[in-house]
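**Q** So here's final-v2.txt, just compact mmCIF, C-alpha atoms:
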```
# COMPACT_ATOMS: atom_id res chain seq x y z
CA MET A 1 -70.83 -57.29 -50.65
CA ARG A 2 -68.57 -60.27 -51.43
CA SER A 3 -66.58 -58.19 -53.97
CA ILE A 4 -66.15 -55.51 -51.40
CA LEU A 5 -64.90 -57.92 -48.74
CA LYS A 6 -62.36 -59.37 -51.20
CA MET A 7 -60.67 -55.95 -51.37
CA ALA A 8 -57.70 -55.37 -49.09
CA PRO A 9 -58.70 -53.18 -46.10
CA TRP A 10 -56.12 -50.56 -47.06
CA ALA A 11 -57.75 -50.22 -50.51
CA MET A 12 -61.26 -49.49 -49.16
CA PRO A 13 -62.44 -45.90 -48.75
CA ARG A 14 -62.55 -44.89 -45.06
CA ALA A 15 -66.28 -44.01 -45.23
CA LEU A 16 -67.08 -47.49 -46.63
CA ILE A 17 -65.12 -49.20 -43.83
CA ARG A 18 -67.04 -47.17 -41.24
CA ARG A 19 -70.42 -48.17 -42.81
CA ILE A 20 -69.48 -51.86 -42.77
CA LEU A 21 -68.31 -51.75 -39.13
CA THR A 22 -71.40 -49.81 -38.09
CA SER A 23 -73.77 -52.26 -39.83
CA CYS A 24 -72.05 -55.12 -37.99
CA GLN A 25 -72.45 -53.17 -34.72
CA LEU A 26 -68.68 -53.03 -34.32
CA LEU A 27 -68.54 -49.23 -34.35
CA ALA A 28 -70.81 -46.88 -32.45
CA ARG A 29 -72.72 -44.28 -34.41
CA GLU A 30 -71.86 -40.64 -33.72
CA GLU A 31 -75.26 -39.99 -32.15
CA ASP A 32 -74.81 -43.03 -29.85
CA LYS A 33 -71.41 -41.93 -28.51
CA PRO A 34 -71.40 -40.62 -24.93
CA GLN A 35 -71.01 -36.87 -24.94
CA SER A 36 -68.09 -35.73 -22.83
CA GLY A 37 -68.74 -32.87 -20.46
CA ASP A 38 -67.44 -29.41 -21.03
CA PRO A 39 -63.96 -29.44 -19.43
CA LEU A 40 -64.39 -25.83 -18.38
CA LYS A 41 -67.64 -26.64 -16.60
CA GLU A 42 -66.11 -29.71 -14.95
CA HIS A 43 -63.35 -27.51 -13.57
CA SER A 44 -65.42 -24.51 -12.53
CA LEU A 45 -65.30 -22.84 -9.15
CA ASP A 46 -68.98 -23.59 -8.49
CA VAL A 47 -68.57 -27.30 -9.26
CA CYS A 48 -65.54 -27.61 -6.97
CA MET A 49 -67.33 -25.82 -4.14
CA ARG A 50 -70.38 -28.08 -4.44
CA GLN A 51 -68.22 -31.21 -4.44
CA ALA A 52 -66.32 -30.00 -1.40
CA LEU A 53 -69.51 -29.19 0.51
CA SER A 54 -71.00 -32.60 -0.26
CA ARG A 55 -67.83 -34.34 0.93
CA THR A 56 -67.72 -32.24 4.08
CA GLU A 57 -71.25 -33.33 4.94
CA ALA A 58 -70.65 -37.02 4.11
CA SER A 59 -70.91 -39.27 7.16
CA GLU A 60 -67.76 -41.25 6.27
CA MET A 61 -65.76 -38.01 6.25
CA SER A 62 -67.11 -37.04 9.64
CA SER A 63 -66.21 -40.48 10.93
CA LEU A 64 -62.67 -40.23 9.51
CA ARG A 65 -62.14 -36.82 11.07
CA GLY A 66 -63.26 -38.22 14.41
CA LYS A 67 -60.76 -41.09 14.15
CA ILE A 68 -57.96 -38.67 13.28
CA GLU A 69 -58.72 -36.42 16.25
CA ARG A 70 -58.73 -39.40 18.63
CA LEU A 71 -55.41 -40.66 17.26
CA GLU A 72 -53.85 -37.18 17.50
CA GLN A 73 -54.94 -36.84 21.11
CA GLY A 74 -53.81 -40.36 21.98
CA LEU A 75 -50.34 -39.86 20.46
CA ALA A 76 -49.91 -36.52 22.21
CA GLN A 77 -50.63 -38.22 25.49
CA SER A 78 -48.67 -41.44 25.03
CA LEU A 79 -45.57 -39.86 23.42
CA GLY A 80 -45.62 -36.50 25.15
CA ILE A 81 -45.40 -34.67 21.81
CA ARG A 82 -46.54 -31.08 21.25
CA GLY A 83 -48.69 -32.11 18.33
CA VAL A 84 -48.82 -33.86 14.97
CA ARG A 85 -49.42 -32.55 11.46
CA TYR A 86 -49.73 -33.79 7.87
CA ASP A 87 -47.72 -31.83 5.30
CA CYS A 88 -48.14 -33.89 2.11
CA GLY A 89 -51.19 -32.36 0.52
CA CYS A 90 -54.81 -32.86 1.48
CA ASN A 91 -55.23 -36.65 1.67
CA LEU A 92 -56.98 -37.38 4.98
CA GLU A 93 -56.99 -41.13 4.41
CA ARG A 94 -53.21 -41.17 4.07
CA TYR A 95 -52.84 -38.98 7.16
CA HIS A 96 -55.02 -41.42 9.10
CA ASP A 97 -52.82 -44.33 7.98
CA CYS A 98 -49.65 -42.53 9.13
CA LEU A 99 -51.18 -41.81 12.54
CA ARG A 100 -52.28 -45.43 12.89
CA HIS A 101 -48.79 -46.75 12.02
CA LEU A 102 -47.21 -44.46 14.60
CA ASP A 103 -49.81 -45.50 17.17
CA VAL A 104 -48.98 -49.17 16.56
CA LEU A 105 -45.29 -48.43 17.24
CA THR A 106 -46.12 -47.06 20.68
CA GLY A 107 -47.21 -50.54 21.71
CA GLU A 108 -43.98 -52.25 20.58
CA GLU A 109 -41.32 -52.70 23.27
CA GLU A 110 -38.42 -52.41 20.82
CA ALA A 111 -39.67 -49.03 19.57
CA LYS A 112 -40.38 -47.35 22.92
CA ALA A 113 -36.78 -46.26 23.61
CA LYS A 114 -36.45 -44.62 20.17
CA LEU A 115 -39.85 -42.95 20.41
CA LYS A 116 -38.75 -41.13 23.58
CA SER A 117 -36.77 -38.72 21.38
CA LEU A 118 -40.11 -37.35 20.12
CA ARG A 119 -41.06 -35.89 23.51
CA ASP A 120 -41.86 -32.14 23.42
CA ARG A 121 -41.56 -32.15 19.61
CA LEU A 122 -43.97 -31.42 16.79
CA VAL A 123 -44.20 -34.48 14.54
CA VAL A 124 -44.88 -33.79 10.85
CA PHE A 125 -45.65 -36.40 8.21
CA ALA A 126 -43.79 -34.89 5.28
CA PRO A 127 -42.29 -35.60 1.82
CA PHE A 128 -38.93 -36.37 3.50
CA THR A 129 -37.45 -37.66 6.75
CA GLY A 130 -35.24 -35.45 8.92
CA ILE A 131 -35.25 -32.41 11.19
CA SER A 132 -36.78 -29.23 9.82
CA LEU A 133 -35.13 -25.84 10.31
CA GLU A 134 -37.73 -25.15 13.01
CA GLY A 135 -36.67 -28.29 14.88
CA HIS A 136 -39.75 -30.34 13.97
CA VAL A 137 -39.39 -34.09 13.45
CA MET A 138 -40.27 -34.85 9.83
CA LEU A 139 -41.28 -38.42 8.99
CA PHE A 140 -41.68 -39.38 5.33
CA SER A 141 -45.35 -40.30 4.83
CA GLY A 142 -44.44 -42.91 2.21
CA ASP A 143 -41.90 -44.70 4.41
CA ALA A 144 -42.43 -47.85 6.44
CA PRO A 145 -42.52 -47.48 10.26
CA SER A 146 -39.16 -49.30 10.41
CA GLY A 147 -37.68 -46.45 8.35
CA TRP A 148 -38.97 -43.92 10.90
CA LEU A 149 -37.33 -45.87 13.72
CA GLY A 150 -34.04 -45.99 11.81
CA PHE A 151 -34.05 -42.20 11.59
CA LEU A 152 -34.97 -41.72 15.26
CA ALA A 153 -31.98 -43.87 16.24
CA GLU A 154 -29.59 -41.34 14.64
CA MET A 155 -31.63 -38.16 15.14
CA ARG A 156 -28.93 -36.72 17.42
CA LEU A 157 -26.61 -36.29 14.41
CA HIS A 158 -29.26 -34.22 12.61
CA GLU A 159 -29.77 -32.05 15.69
CA GLU A 160 -26.07 -31.24 15.84
CA GLN A 161 -26.17 -29.95 12.27
CA LEU A 162 -29.29 -27.90 13.05
CA LYS A 163 -27.40 -26.03 15.78
CA LEU A 164 -24.59 -25.13 13.35
CA ILE A 165 -26.85 -23.68 10.63
CA PRO A 166 -27.01 -20.09 12.04
CA LEU A 167 -23.18 -20.06 12.14
CA TYR A 168 -22.96 -21.20 8.51
CA GLU A 169 -25.51 -18.59 7.43
CA ARG A 170 -23.57 -15.80 9.16
CA ALA A 171 -20.35 -17.04 7.54
CA LEU A 172 -21.89 -16.98 4.05
CA SER A 173 -23.30 -13.51 4.69
CA ALA A 174 -19.85 -12.27 5.77
CA VAL A 175 -18.18 -13.75 2.68
CA LEU A 176 -20.72 -12.03 0.40
CA LEU A 177 -20.40 -8.56 1.97
CA GLY A 178 -23.36 -8.66 4.33
CA ILE A 179 -25.94 -10.18 1.97
CA GLN A 180 -28.96 -11.43 3.95
CA ILE A 181 -29.44 -15.19 3.91
CA GLU A 182 -33.00 -16.50 3.66
CA ARG A 183 -34.35 -20.01 4.00
CA ARG A 184 -36.54 -21.31 1.21
CA GLN A 185 -38.91 -24.29 0.85
CA CYS A 186 -38.32 -25.57 4.42
CA PRO A 187 -35.30 -27.79 3.65
CA GLU A 188 -34.14 -30.63 5.86
CA ALA A 189 -31.55 -29.39 8.36
CA ARG A 190 -28.69 -31.81 7.70
CA ALA A 191 -28.85 -31.42 3.91
CA TYR A 192 -29.22 -27.64 4.19
CA ALA A 193 -26.15 -27.37 6.44
CA GLU A 194 -24.11 -29.29 3.88
CA SER A 195 -25.37 -27.03 1.06
CA LEU A 196 -24.34 -23.91 2.96
CA LYS A 197 -20.84 -25.29 3.50
CA GLN A 198 -20.50 -26.05 -0.22
CA VAL A 199 -21.36 -22.48 -1.25
CA ILE A 200 -19.14 -20.95 1.47
CA ARG A 201 -16.15 -22.98 0.27
CA ALA A 202 -16.75 -22.18 -3.41
CA VAL A 203 -17.15 -18.42 -2.91
CA SER A 204 -14.28 -18.14 -0.39
CA GLU A 205 -11.81 -19.86 -2.72
CA HIS A 206 -12.82 -17.59 -5.59
CA LEU A 207 -12.56 -14.36 -3.57
CA ARG A 208 -9.00 -15.12 -2.52
CA LEU A 209 -8.03 -13.64 -5.87
CA ALA A 210 -7.66 -9.85 -5.73
CA GLU A 211 -9.32 -9.30 -9.13
CA SER A 212 -12.41 -11.19 -7.96
CA VAL A 213 -12.95 -8.84 -5.02
CA GLU A 214 -12.87 -5.85 -7.38
CA ASP A 215 -15.96 -7.18 -9.18
CA LEU A 216 -18.12 -6.86 -6.06
CA PRO A 217 -19.78 -3.68 -4.77
CA ARG A 218 -18.85 -2.28 -1.36
CA SER A 219 -21.86 -3.90 0.29
CA LEU A 220 -24.68 -6.34 -0.50
CA ARG A 221 -26.59 -5.90 2.77
CA HIS A 222 -29.75 -4.71 0.98
CA HIS A 223 -29.96 -7.92 -1.06
CA HIS A 224 -31.19 -11.39 -0.11
CA LEU A 225 -29.90 -14.84 -1.10
CA ALA A 226 -31.15 -18.39 -0.62
CA VAL A 227 -29.21 -21.59 -1.23
CA VAL A 228 -31.30 -24.09 -3.22
CA SER A 229 -30.85 -27.64 -4.48
CA SER A 230 -28.49 -28.57 -7.30
CA SER A 231 -31.42 -29.32 -9.63
CA GLU A 232 -32.15 -25.59 -10.00
CA THR A 233 -30.27 -22.91 -11.95
CA PRO A 234 -29.12 -19.51 -10.62
CA LYS A 235 -31.99 -17.03 -10.94
CA VAL A 236 -33.67 -14.05 -9.35
CA SER A 237 -37.07 -14.93 -7.93
CA GLN A 238 -40.16 -12.77 -8.47
CA THR A 239 -39.62 -11.50 -4.92
CA GLY A 240 -36.09 -10.28 -5.70
CA LEU A 241 -34.33 -13.16 -3.98
CA PHE A 242 -31.06 -14.52 -5.44
CA LEU A 243 -31.48 -18.30 -5.76
CA VAL A 244 -28.08 -20.01 -5.85
CA PRO A 245 -27.72 -23.82 -6.30
CA ASN A 246 -25.39 -25.50 -3.80
CA THR A 247 -23.25 -26.84 -6.67
CA CYS A 248 -22.74 -23.44 -8.35
CA PRO A 249 -19.01 -22.59 -8.80
CA GLY A 250 -17.73 -19.57 -6.86
CA PRO A 251 -16.99 -17.40 -9.95
CA ASP A 252 -20.51 -18.03 -11.26
CA VAL A 253 -22.10 -17.04 -7.93
CA VAL A 254 -20.24 -13.73 -7.82
CA ASP A 255 -20.84 -12.96 -11.50
CA PHE A 256 -24.54 -13.80 -11.23
CA ILE A 257 -25.06 -11.48 -8.24
CA CYS A 258 -23.11 -8.60 -9.82
CA ARG A 259 -25.04 -8.80 -13.11
CA ASN A 260 -28.49 -8.99 -11.52
CA ARG A 261 -28.35 -6.51 -8.63
CA GLU A 262 -30.56 -3.96 -10.38
CA VAL A 263 -33.13 -6.60 -11.42
CA ALA A 264 -33.28 -7.90 -7.84
CA SER A 265 -33.78 -4.39 -6.40
CA LYS A 266 -36.71 -3.65 -8.73
CA ARG A 267 -38.40 -6.96 -7.93
CA VAL A 268 -38.02 -6.40 -4.19
CA GLN A 269 -39.77 -3.05 -4.56
CA ARG A 270 -42.65 -4.65 -6.50
CA TYR A 271 -42.82 -7.51 -4.00
CA ARG A 272 -43.27 -5.15 -1.05
CA GLN A 273 -46.22 -3.51 -2.78
CA ASP A 274 -47.81 -6.85 -3.71
CA ILE A 275 -47.39 -8.38 -0.25
CA GLN A 276 -49.26 -5.52 1.40
CA GLU A 277 -52.14 -5.80 -1.06
CA GLU A 278 -52.12 -9.61 -0.66
CA ARG A 279 -52.56 -9.36 3.12
CA GLN A 280 -55.48 -6.97 2.80
CA LEU A 281 -57.26 -9.13 0.20
CA TRP A 282 -56.50 -12.30 2.20
CA ARG A 283 -58.37 -10.96 5.25
CA LYS A 284 -61.22 -9.72 3.06
CA CYS A 285 -61.67 -13.13 1.40
CA LEU A 286 -61.72 -14.96 4.73
CA GLU A 287 -64.39 -12.61 6.08
CA GLU A 288 -66.63 -12.19 3.02
CA LEU A 289 -66.54 -15.83 1.87
CA ASP A 290 -66.66 -17.18 5.44
CA LEU A 291 -63.85 -19.64 4.69
CA GLN A 292 -62.56 -21.92 7.41
CA ARG A 293 -59.03 -21.63 6.04
CA LEU A 294 -57.24 -19.95 3.14
CA SER A 295 -53.77 -21.08 2.07
CA LYS A 296 -51.50 -21.10 -0.95
CA ASP A 297 -48.74 -23.17 -2.50
CA ASP A 298 -45.13 -21.95 -2.22
CA SER A 299 -45.03 -21.51 -6.00
CA VAL A 300 -47.83 -18.91 -5.94
CA THR A 301 -46.05 -15.56 -5.71
CA PRO A 302 -47.76 -12.49 -4.15
CA ASP A 303 -48.62 -10.98 -7.56
CA LYS A 304 -50.38 -14.21 -8.61
CA MET A 305 -52.13 -14.47 -5.24
CA VAL A 306 -53.37 -10.88 -5.54
CA MET A 307 -54.90 -11.74 -8.92
CA ALA A 308 -56.52 -14.90 -7.53
CA LEU A 309 -57.99 -13.14 -4.48
CA LYS A 310 -59.38 -10.28 -6.57
CA ASN A 311 -61.11 -12.71 -8.91
CA LEU A 312 -62.45 -14.73 -5.99
CA LEU A 313 -64.10 -11.63 -4.53
CA GLN A 314 -65.59 -10.82 -7.96
CA SER A 315 -66.68 -14.41 -8.71
CA GLY A 316 -70.15 -14.09 -7.17
CA LEU A 317 -69.50 -16.78 -4.57
CA LYS A 318 -71.43 -16.29 -1.38
CA SER A 319 -70.93 -18.13 1.90
CA CYS A 320 -68.41 -20.98 1.84
CA ARG A 321 -68.79 -21.80 5.52
CA GLY A 322 -66.68 -24.77 6.61
CA LEU A 323 -64.59 -24.94 3.43
CA SER A 324 -60.82 -24.63 3.17
CA LEU A 325 -59.47 -23.06 -0.02
CA HIS A 326 -55.93 -23.77 -1.24
CA ILE A 327 -54.57 -21.64 -4.11
CA THR A 328 -52.17 -23.65 -6.26
CA ASN A 329 -51.66 -24.57 -9.95
CA TYR A 330 -54.37 -27.21 -10.49
CA TRP A 331 -58.00 -28.14 -9.82
CA SER A 332 -58.73 -30.72 -7.15
CA VAL A 333 -61.27 -31.54 -4.46
CA PRO A 334 -59.40 -34.18 -2.38
CA THR A 335 -61.33 -34.70 0.87
CA ASP A 336 -62.85 -33.02 3.89
CA GLY A 337 -64.08 -29.79 2.36
CA ILE A 338 -60.73 -28.75 0.88
CA VAL A 339 -60.78 -27.09 -2.54
CA CYS A 340 -57.59 -26.70 -4.60
CA ILE A 341 -57.88 -24.21 -7.43
CA PRO A 342 -55.29 -22.70 -9.81
CA TRP A 343 -54.37 -19.08 -9.15
CA ASP A 344 -55.59 -18.22 -12.68
CA PHE A 345 -58.90 -20.09 -12.31
CA HIS A 346 -60.80 -17.15 -13.85
CA LYS A 347 -59.38 -18.05 -17.28
CA SER A 348 -61.25 -21.37 -17.33
CA THR A 349 -64.55 -20.49 -15.73
```
Step by step, read the file and then write its structure as structure tokens.
**A**
Amino acid sequence: MRSILKMAPWAMPRALIRRILTSCQLLAREEDKPQSGDPLKEHSLDVCMRQALSRTEASEMSSLRGKIERLEQGLAQSLGIRGVRYDCGCNLERYHDCLRHLDVLTGEEEAKAKLKSLRDRLVVFAPFTGISLEGHVMLFSGDAPSGWLGFLAEMRLHEEQLKLIPLYERALSAVLLGIQIERRQCPEARAYAESLKQVIRAVSEHLRLAESVEDLPRSLRHHHLAVVSSSETPKVSQTGLFLVPNTCPGPDVVDFICRNREVASKRVQRYRQDIQEERQLWRKCLEELDLQRLSKDDSVTPDKMVMALKNLLQSGLKSCRGLSLHITNYWSVPTDGIVCIPWDFHKST
């Protein structure tokens, strides 16, 4: 043993090193190692449903839901708001914290004047602060209450931009020969208005040149376009929608639309077929599985949702009374009987 220990560690055979460490109880034997669970079983539909049901029945969850309902009712009464909603996933604890912070503000004299601007509004705790295109007041769930008050103090400026958005959309449609403008991913009003102006300016300046106009067809009224953030690239969505970044140069916008008109038309046709089938399967799932709620992430296109709903109906699941199912791209059972499953869950079950 002494001769062995005198050898440099790098010169010892790996098997010999393992035997020495094992004999000194410094390395667990293979048979003593904890066996990890099958990842497919851990992320199976049945497991997620059981976890969700157990959490729905847990007393602490029932207590939390009761607190949330009381806070919602109290805020509606004290602030005169139409309602309040959480739009940052499925975390009930975080939603409760946001409600409590807002409730604390109602008792502060300095905040009361600013909170009056919330009257007759729907308040949404969201991933950003601003006014939504529907006119809802969005408060960033990760912000401090002082940040909310800072926004409410200048909310009037955001509302002015909201009123101008339909005018900007009509102007962009006119510049691009009647193309229909769609809104995507519920952007914040002030930022969206600025994005529209950027694209209008870029395209208008380009089309001042006679040769540029010749590239366009006589009309684009059967096509749809949405202005997206600068982090994206120009592309045609699976639904046939032209997605144009607000920083895209005018020549690139026109060239992109001209080159992809046929692709967009074919995808629109497929989308119309998928959306009809999706609606039928959606109703069937709600009825047969007895779900409380069925929803999906924005990234789940109708063709993917159709596949998910078909596989749900064929999965052998019976009653899921009281559960809410959210179709997305990952497995999760956050709280309160909500189950998040990937649209292609059948591949891992």
**Q** Identify, on the basis of only C-alpha atoms, every residue whose closest approach to segment 174-188 of chain A does not exceed 8 Å; exclude the query and any residue fewer than 3 positions from it along the same chain; express the result as an NGL selection string.
**A** :A and (128-133 or 169-171 or 191-192 or 200 or 203-204 or 218-228 or 298)
**Q** With distances taken over only C-alpha atoms, which residue among A:Arg82, A:His136, A:Arg259, A:Arg293 lies nearest His158 of chain A?
**A** A:His136
**Q** Mind pulling up the distance from atom CA of Arg100 of chain A to atom CA of Val333 of chain A?
**A**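 The value is 24.0 Å.
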**Q** Grab all the atoms of segment 306-316 of chain A that the file lists, wrap them in a box along x, y and z, add 6 Å per side, and give me centre plus edge lengths in Å (one decimal) as JSON.
**A**
```
{"center_x": -61.8, "center_y": -12.6, "center_z": -6.7, "size_x": 28.8, "size_y": 16.6, "size_z": 16.4}
```
**Q** Fewer than 4 positions away in the same chain doesn't count, so skip those; otherwise give me all residues within 9 Å of segment 241-246 of chain A, counting all atoms listed in the file, as a list in words.
**A**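 The residues satisfying every condition are Glu182, Glu194, Ser195, Leu196, Lys197, Gln198, Val199, His223, His224, Leu225, Ala226, Val227, Val228, Ser229, Ser230, Ser231, Glu232, Thr233, Pro234, Lys235, Val236, Ser237, Val253, Phe256, Ile257, Asn260, Ala264, Arg267 and Val268 of chain A.
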**Q** With 7 Å as the threshold, what does the neighbourhood of (-18.2, -20.9, -6.5) contain in terms of residues, counting only C-alpha atoms? Coordinates are those of the file; answer as a compact mmCIF listing (two decimals) with C-alpha atoms, in the frame of the given file.
**A**
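Wrote it out as out_19.txt, contents follow:
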```txt
# COMPACT_ATOMS: atom_id res chain seq x y z
CA VAL A 199 -21.36 -22.48 -1.25
CA ALA A 202 -16.75 -22.18 -3.41
CA VAL A 203 -17.15 -18.42 -2.91
CA HIS A 206 -12.82 -17.59 -5.59
CA CYS A 248 -22.74 -23.44 -8.35
CA PRO A 249 -19.01 -22.59 -8.80
CA GLY A 250 -17.73 -19.57 -6.86
CA PRO A 251 -16.99 -17.40 -9.95
CA ASP A 252 -20.51 -18.03 -11.26
CA VAL A 253 -22.10 -17.04 -7.93
```
**Q** Measure the distance from atom CA of Gly316 of chain A to atom CA of Pro342 of chain A in Å and round it to one decimal.
**A**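 The value is 17.4 Å.
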**Q** When distances are computed from all atoms listed in the file, which of A:Leu157, A:Ile327, A:Ala111, A:Leu286 shows the smallest separation from Pro302 of chain A?
**A**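 Distance minimum relative to Pro302 of chain A lands on A:Ile327.
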**Q** Which one of A:Ile81, A:Leu75, A:Leu313, A:Ile68 sits closest to Glu93 of chain A if you count all atoms listed in the file?
**A** A:Ile68
